[in-house]
>>> print(open('query-v4.txt').read())   # compact mmCIF, N, CA and C atoms
# COMPACT_ATOMS: atom_id res chain seq x y z
N MET A 13 22.82 -43.31 -27.80
CA MET A 13 23.93 -42.38 -27.91
C MET A 13 25.23 -43.16 -27.79
N ASP A 14 26.18 -42.88 -28.64
CA ASP A 14 27.42 -43.66 -28.59
C ASP A 14 28.40 -43.08 -27.58
N ILE A 15 29.41 -43.85 -27.26
CA ILE A 15 30.39 -43.49 -26.22
C ILE A 15 31.19 -42.26 -26.63
N LYS A 16 31.54 -42.15 -27.91
CA LYS A 16 32.34 -41.00 -28.36
C LYS A 16 31.59 -39.69 -28.16
N ALA A 17 30.29 -39.69 -28.43
CA ALA A 17 29.51 -38.46 -28.26
C ALA A 17 29.41 -38.08 -26.79
N ILE A 18 29.26 -39.06 -25.92
CA ILE A 18 29.19 -38.78 -24.49
C ILE A 18 30.53 -38.25 -24.00
N SER A 19 31.62 -38.88 -24.44
CA SER A 19 32.95 -38.44 -24.04
C SER A 19 33.23 -37.03 -24.53
N ALA A 20 32.85 -36.72 -25.75
CA ALA A 20 33.07 -35.39 -26.29
C ALA A 20 32.25 -34.35 -25.53
N ALA A 21 31.01 -34.70 -25.16
CA ALA A 21 30.16 -33.78 -24.41
C ALA A 21 30.74 -33.52 -23.02
N GLN A 22 31.27 -34.56 -22.39
CA GLN A 22 31.87 -34.40 -21.08
C GLN A 22 33.13 -33.53 -21.15
N LYS A 23 33.95 -33.77 -22.15
CA LYS A 23 35.16 -32.97 -22.31
C LYS A 23 34.82 -31.51 -22.61
N TYR A 24 33.77 -31.32 -23.40
CA TYR A 24 33.36 -29.96 -23.74
C TYR A 24 32.88 -29.22 -22.50
N SER A 25 32.08 -29.89 -21.68
CA SER A 25 31.55 -29.23 -20.49
C SER A 25 32.64 -29.00 -19.44
N ALA A 26 33.68 -29.85 -19.46
CA ALA A 26 34.77 -29.69 -18.49
C ALA A 26 35.78 -28.64 -18.94
N ALA A 27 35.78 -28.30 -20.21
CA ALA A 27 36.75 -27.32 -20.73
C ALA A 27 36.45 -25.94 -20.16
N LYS A 28 37.49 -25.19 -19.96
CA LYS A 28 37.35 -23.84 -19.44
C LYS A 28 36.82 -22.94 -20.55
N PRO A 29 35.79 -22.17 -20.27
CA PRO A 29 35.26 -21.29 -21.32
C PRO A 29 36.31 -20.29 -21.79
N ALA A 30 36.30 -20.03 -23.08
CA ALA A 30 37.30 -19.12 -23.67
C ALA A 30 37.01 -17.68 -23.32
N VAL A 31 35.79 -17.35 -22.97
CA VAL A 31 35.45 -15.96 -22.72
C VAL A 31 35.81 -15.50 -21.31
N LEU A 32 36.07 -16.42 -20.40
CA LEU A 32 36.45 -16.03 -19.05
C LEU A 32 37.92 -15.67 -19.01
N ALA A 33 38.22 -14.50 -18.52
CA ALA A 33 39.60 -14.05 -18.44
C ALA A 33 40.28 -14.67 -17.23
N ASP A 34 41.47 -15.09 -17.42
CA ASP A 34 42.28 -15.61 -16.33
C ASP A 34 42.76 -14.44 -15.49
N GLU A 35 42.84 -14.62 -14.17
CA GLU A 35 43.27 -13.53 -13.31
C GLU A 35 44.69 -13.09 -13.64
N ASN A 36 45.55 -14.05 -13.98
CA ASN A 36 46.93 -13.71 -14.31
C ASN A 36 47.02 -12.90 -15.60
N SER A 37 46.19 -13.25 -16.58
CA SER A 37 46.25 -12.53 -17.85
C SER A 37 45.75 -11.10 -17.70
N SER A 38 44.72 -10.90 -16.88
CA SER A 38 44.23 -9.53 -16.71
C SER A 38 45.25 -8.68 -15.97
N SER A 39 45.93 -9.25 -14.97
CA SER A 39 46.95 -8.48 -14.27
C SER A 39 48.16 -8.24 -15.17
N LEU A 40 48.44 -9.18 -16.07
CA LEU A 40 49.53 -9.01 -17.02
C LEU A 40 49.24 -7.86 -17.97
N ILE A 41 48.01 -7.79 -18.45
CA ILE A 41 47.62 -6.72 -19.37
C ILE A 41 47.66 -5.37 -18.65
N GLN A 42 47.19 -5.34 -17.41
CA GLN A 42 47.24 -4.10 -16.65
C GLN A 42 48.69 -3.67 -16.40
N GLY A 43 49.56 -4.62 -16.13
CA GLY A 43 50.98 -4.32 -15.93
C GLY A 43 51.63 -3.77 -17.19
N MET A 44 51.27 -4.38 -18.33
CA MET A 44 51.82 -3.90 -19.59
C MET A 44 51.34 -2.48 -19.88
N ALA A 45 50.08 -2.20 -19.60
CA ALA A 45 49.54 -0.86 -19.85
C ALA A 45 50.22 0.17 -18.95
N SER A 46 50.45 -0.19 -17.69
CA SER A 46 51.11 0.77 -16.80
C SER A 46 52.57 0.97 -17.20
N ASP A 47 53.25 -0.09 -17.64
CA ASP A 47 54.62 0.04 -18.12
C ASP A 47 54.68 0.95 -19.36
N PHE A 48 53.71 0.78 -20.25
CA PHE A 48 53.62 1.60 -21.45
C PHE A 48 53.48 3.08 -21.06
N ALA A 49 52.58 3.35 -20.12
CA ALA A 49 52.36 4.73 -19.69
C ALA A 49 53.60 5.30 -19.00
N GLN A 50 54.30 4.49 -18.22
CA GLN A 50 55.51 4.96 -17.55
C GLN A 50 56.60 5.32 -18.54
N VAL A 51 56.77 4.49 -19.57
CA VAL A 51 57.80 4.77 -20.57
C VAL A 51 57.46 6.05 -21.32
N LEU A 52 56.19 6.23 -21.67
CA LEU A 52 55.81 7.47 -22.36
C LEU A 52 56.01 8.69 -21.48
N ALA A 53 55.67 8.59 -20.21
CA ALA A 53 55.86 9.72 -19.30
C ALA A 53 57.34 10.03 -19.11
N LYS A 54 58.16 8.99 -19.02
CA LYS A 54 59.60 9.18 -18.85
C LYS A 54 60.20 9.87 -20.07
N SER A 55 59.79 9.45 -21.26
CA SER A 55 60.34 10.07 -22.47
C SER A 55 59.83 11.50 -22.63
N GLU A 56 58.60 11.75 -22.21
CA GLU A 56 58.08 13.12 -22.28
C GLU A 56 58.87 14.03 -21.34
N THR A 57 59.17 13.52 -20.16
CA THR A 57 59.96 14.29 -19.21
C THR A 57 61.36 14.56 -19.75
N ALA A 58 61.96 13.54 -20.36
CA ALA A 58 63.30 13.71 -20.94
C ALA A 58 63.28 14.73 -22.07
N ALA A 59 62.22 14.69 -22.88
CA ALA A 59 62.10 15.65 -23.98
C ALA A 59 61.95 17.08 -23.46
N LYS A 60 61.13 17.25 -22.42
CA LYS A 60 60.96 18.59 -21.83
C LYS A 60 62.27 19.08 -21.23
N ASP A 61 62.98 18.19 -20.53
CA ASP A 61 64.26 18.57 -19.94
C ASP A 61 65.28 18.95 -21.01
N ALA A 62 65.26 18.23 -22.13
CA ALA A 62 66.20 18.54 -23.22
C ALA A 62 65.87 19.89 -23.86
N MET A 63 64.60 20.22 -23.92
CA MET A 63 64.21 21.49 -24.54
C MET A 63 64.65 22.69 -23.71
N ILE A 64 64.64 22.52 -22.40
CA ILE A 64 65.06 23.64 -21.56
C ILE A 64 66.54 23.57 -21.20
N GLY A 65 67.21 22.51 -21.65
CA GLY A 65 68.65 22.40 -21.47
C GLY A 65 69.10 21.69 -20.21
N ASP A 66 68.20 20.99 -19.53
CA ASP A 66 68.56 20.31 -18.29
C ASP A 66 68.99 18.86 -18.50
N ALA A 67 68.84 18.31 -19.68
CA ALA A 67 69.18 16.90 -19.91
C ALA A 67 70.24 16.81 -21.01
N ASP A 68 71.06 15.77 -20.92
CA ASP A 68 72.05 15.58 -21.98
C ASP A 68 71.38 14.91 -23.18
N PRO A 69 71.91 15.11 -24.36
CA PRO A 69 71.30 14.56 -25.58
C PRO A 69 71.25 13.03 -25.59
N HIS A 70 72.23 12.41 -24.94
CA HIS A 70 72.25 10.94 -24.90
C HIS A 70 71.01 10.39 -24.19
N ALA A 71 70.62 11.00 -23.08
CA ALA A 71 69.43 10.56 -22.35
C ALA A 71 68.17 10.74 -23.18
N LEU A 72 68.12 11.84 -23.93
CA LEU A 72 66.96 12.08 -24.80
C LEU A 72 66.87 11.03 -25.90
N VAL A 73 67.99 10.75 -26.55
CA VAL A 73 67.99 9.75 -27.62
C VAL A 73 67.61 8.38 -27.08
N GLN A 74 68.12 8.04 -25.91
CA GLN A 74 67.81 6.75 -25.30
C GLN A 74 66.31 6.67 -24.96
N ALA A 75 65.74 7.73 -24.41
CA ALA A 75 64.32 7.74 -24.07
C ALA A 75 63.45 7.65 -25.32
N LEU A 76 63.84 8.35 -26.37
CA LEU A 76 63.07 8.30 -27.61
C LEU A 76 63.14 6.93 -28.27
N ALA A 77 64.30 6.29 -28.22
CA ALA A 77 64.43 4.94 -28.78
C ALA A 77 63.58 3.94 -28.00
N GLN A 78 63.57 4.09 -26.69
CA GLN A 78 62.75 3.20 -25.86
C GLN A 78 61.26 3.43 -26.14
N THR A 79 60.88 4.67 -26.30
CA THR A 79 59.49 4.99 -26.62
C THR A 79 59.09 4.43 -27.98
N GLU A 80 59.98 4.56 -28.95
CA GLU A 80 59.70 4.02 -30.27
C GLU A 80 59.48 2.51 -30.21
N LEU A 81 60.29 1.82 -29.45
CA LEU A 81 60.15 0.38 -29.30
C LEU A 81 58.83 0.01 -28.64
N VAL A 82 58.45 0.75 -27.61
CA VAL A 82 57.20 0.47 -26.90
C VAL A 82 55.99 0.72 -27.80
N VAL A 83 56.02 1.81 -28.54
CA VAL A 83 54.90 2.13 -29.42
C VAL A 83 54.80 1.11 -30.55
N GLU A 84 55.91 0.71 -31.13
CA GLU A 84 55.90 -0.31 -32.18
C GLU A 84 55.35 -1.64 -31.65
N THR A 85 55.70 -1.98 -30.42
CA THR A 85 55.18 -3.21 -29.81
C THR A 85 53.68 -3.11 -29.60
N ALA A 86 53.21 -1.97 -29.11
CA ALA A 86 51.78 -1.78 -28.89
C ALA A 86 51.01 -1.85 -30.21
N VAL A 87 51.55 -1.27 -31.25
CA VAL A 87 50.90 -1.31 -32.56
C VAL A 87 50.87 -2.74 -33.10
N ALA A 88 51.94 -3.49 -32.90
CA ALA A 88 51.97 -4.88 -33.36
C ALA A 88 50.94 -5.73 -32.62
N VAL A 89 50.81 -5.51 -31.32
CA VAL A 89 49.81 -6.25 -30.54
C VAL A 89 48.41 -5.88 -31.01
N ARG A 90 48.18 -4.59 -31.22
CA ARG A 90 46.87 -4.15 -31.70
C ARG A 90 46.54 -4.78 -33.06
N ASN A 91 47.53 -4.82 -33.95
CA ASN A 91 47.31 -5.42 -35.27
C ASN A 91 46.97 -6.89 -35.16
N LYS A 92 47.63 -7.60 -34.25
CA LYS A 92 47.34 -9.03 -34.05
C LYS A 92 45.93 -9.23 -33.50
N VAL A 93 45.51 -8.35 -32.59
CA VAL A 93 44.15 -8.46 -32.04
C VAL A 93 43.11 -8.20 -33.12
N VAL A 94 43.33 -7.19 -33.93
CA VAL A 94 42.40 -6.88 -35.02
C VAL A 94 42.37 -8.03 -36.02
N GLU A 95 43.52 -8.58 -36.34
CA GLU A 95 43.59 -9.70 -37.27
C GLU A 95 42.84 -10.92 -36.71
N ALA A 96 43.00 -11.20 -35.43
CA ALA A 96 42.29 -12.32 -34.81
C ALA A 96 40.79 -12.08 -34.82
N TYR A 97 40.37 -10.86 -34.55
CA TYR A 97 38.95 -10.52 -34.58
C TYR A 97 38.37 -10.71 -35.98
N GLN A 98 39.12 -10.28 -36.99
CA GLN A 98 38.65 -10.46 -38.36
C GLN A 98 38.57 -11.94 -38.73
N GLU A 99 39.49 -12.74 -38.24
CA GLU A 99 39.42 -14.18 -38.48
C GLU A 99 38.18 -14.79 -37.84
N ILE A 100 37.85 -14.32 -36.64
CA ILE A 100 36.66 -14.82 -35.96
C ILE A 100 35.41 -14.45 -36.75
N LEU A 101 35.39 -13.24 -37.29
CA LEU A 101 34.24 -12.80 -38.09
C LEU A 101 34.07 -13.63 -39.35
N ARG A 102 35.17 -14.14 -39.89
CA ARG A 102 35.11 -14.94 -41.12
C ARG A 102 34.72 -16.39 -40.87
N MET A 103 34.68 -16.82 -39.62
CA MET A 103 34.34 -18.20 -39.32
C MET A 103 32.87 -18.47 -39.63
N PRO A 104 32.62 -19.59 -40.25
CA PRO A 104 31.21 -19.94 -40.50
C PRO A 104 30.52 -20.35 -39.19
N VAL A 105 29.29 -20.00 -39.09
CA VAL A 105 28.55 -20.31 -37.87
C VAL A 105 27.77 -21.58 -38.02
>>> encode(input="query-v4.txt", output="structure tokens")
Amino acid sequence: MDIKAISAAQKYSAAKPAVLADENSSSLIQGMASDFAQVLAKSETAAKDAMIGDADPHALVQALAQTELVVETAVAVRNKVVEAYQEILRMPV
């Protein structure tokens, strides 16, 4: 066996597996999900208040713009995940 093959095998075994989630990344994803839910709840509350006349229109427009931004970001992330998954499926085995 040559030195390069041994070195490559050692580096491969020392590499962190890609399937194990990092603790920071999982807490980051949970934080993003809770932030997403909070923004949606806040905008829903602003919309309800505006319908019954308790909120000013500026607050409603601001909440709706923030919600639109959050939803667009979530859709973009979802599209990137789907695209990455499709790329993985196209990889030769």
>>> closest_residue(input="query-v4.txt", among="A:Arg90, A:Ala75, A:Val82, A:Ser37", to="Ala58 in chain A", atoms="all atoms listed in the file")
A:Ala75
>>> residues_around(input="query-v4.txt", residues="Ala67 in chain A", least_positions_apart="5", cutoff="12 Å", atoms="only C-alpha atoms", output="JSON, numbers by chain")
{"A": [55, 56, 57, 58, 59, 60, 61, 62, 72, 73, 74, 75]}
>>> axis_aligned_box(input="query-v4.txt", around="range 75-85 of chain A", padding_each_side="4 Å", output="lines of an AutoDock Vina configuration file")
center_x = 59.7
center_y = 2.6
center_z = -28.1
size_x = 20.1
size_y = 19.6
size_z = 16.1
>>> atom_distance(input="query-v4.txt", atom1="CA of Glu95 in chain A", atom2="atom C of Val83 in chain A")
17.0 Å
>>> atom_distance(input="query-v4.txt", atom1="CA of Val89 in chain A", atom2="CA of Ile41 in chain A")
11.4 Å
>>> atom_distance(input="query-v4.txt", atom1="atom N of Tyr97 in chain A", atom2="atom N of Leu52 in chain A")
26.6 Å
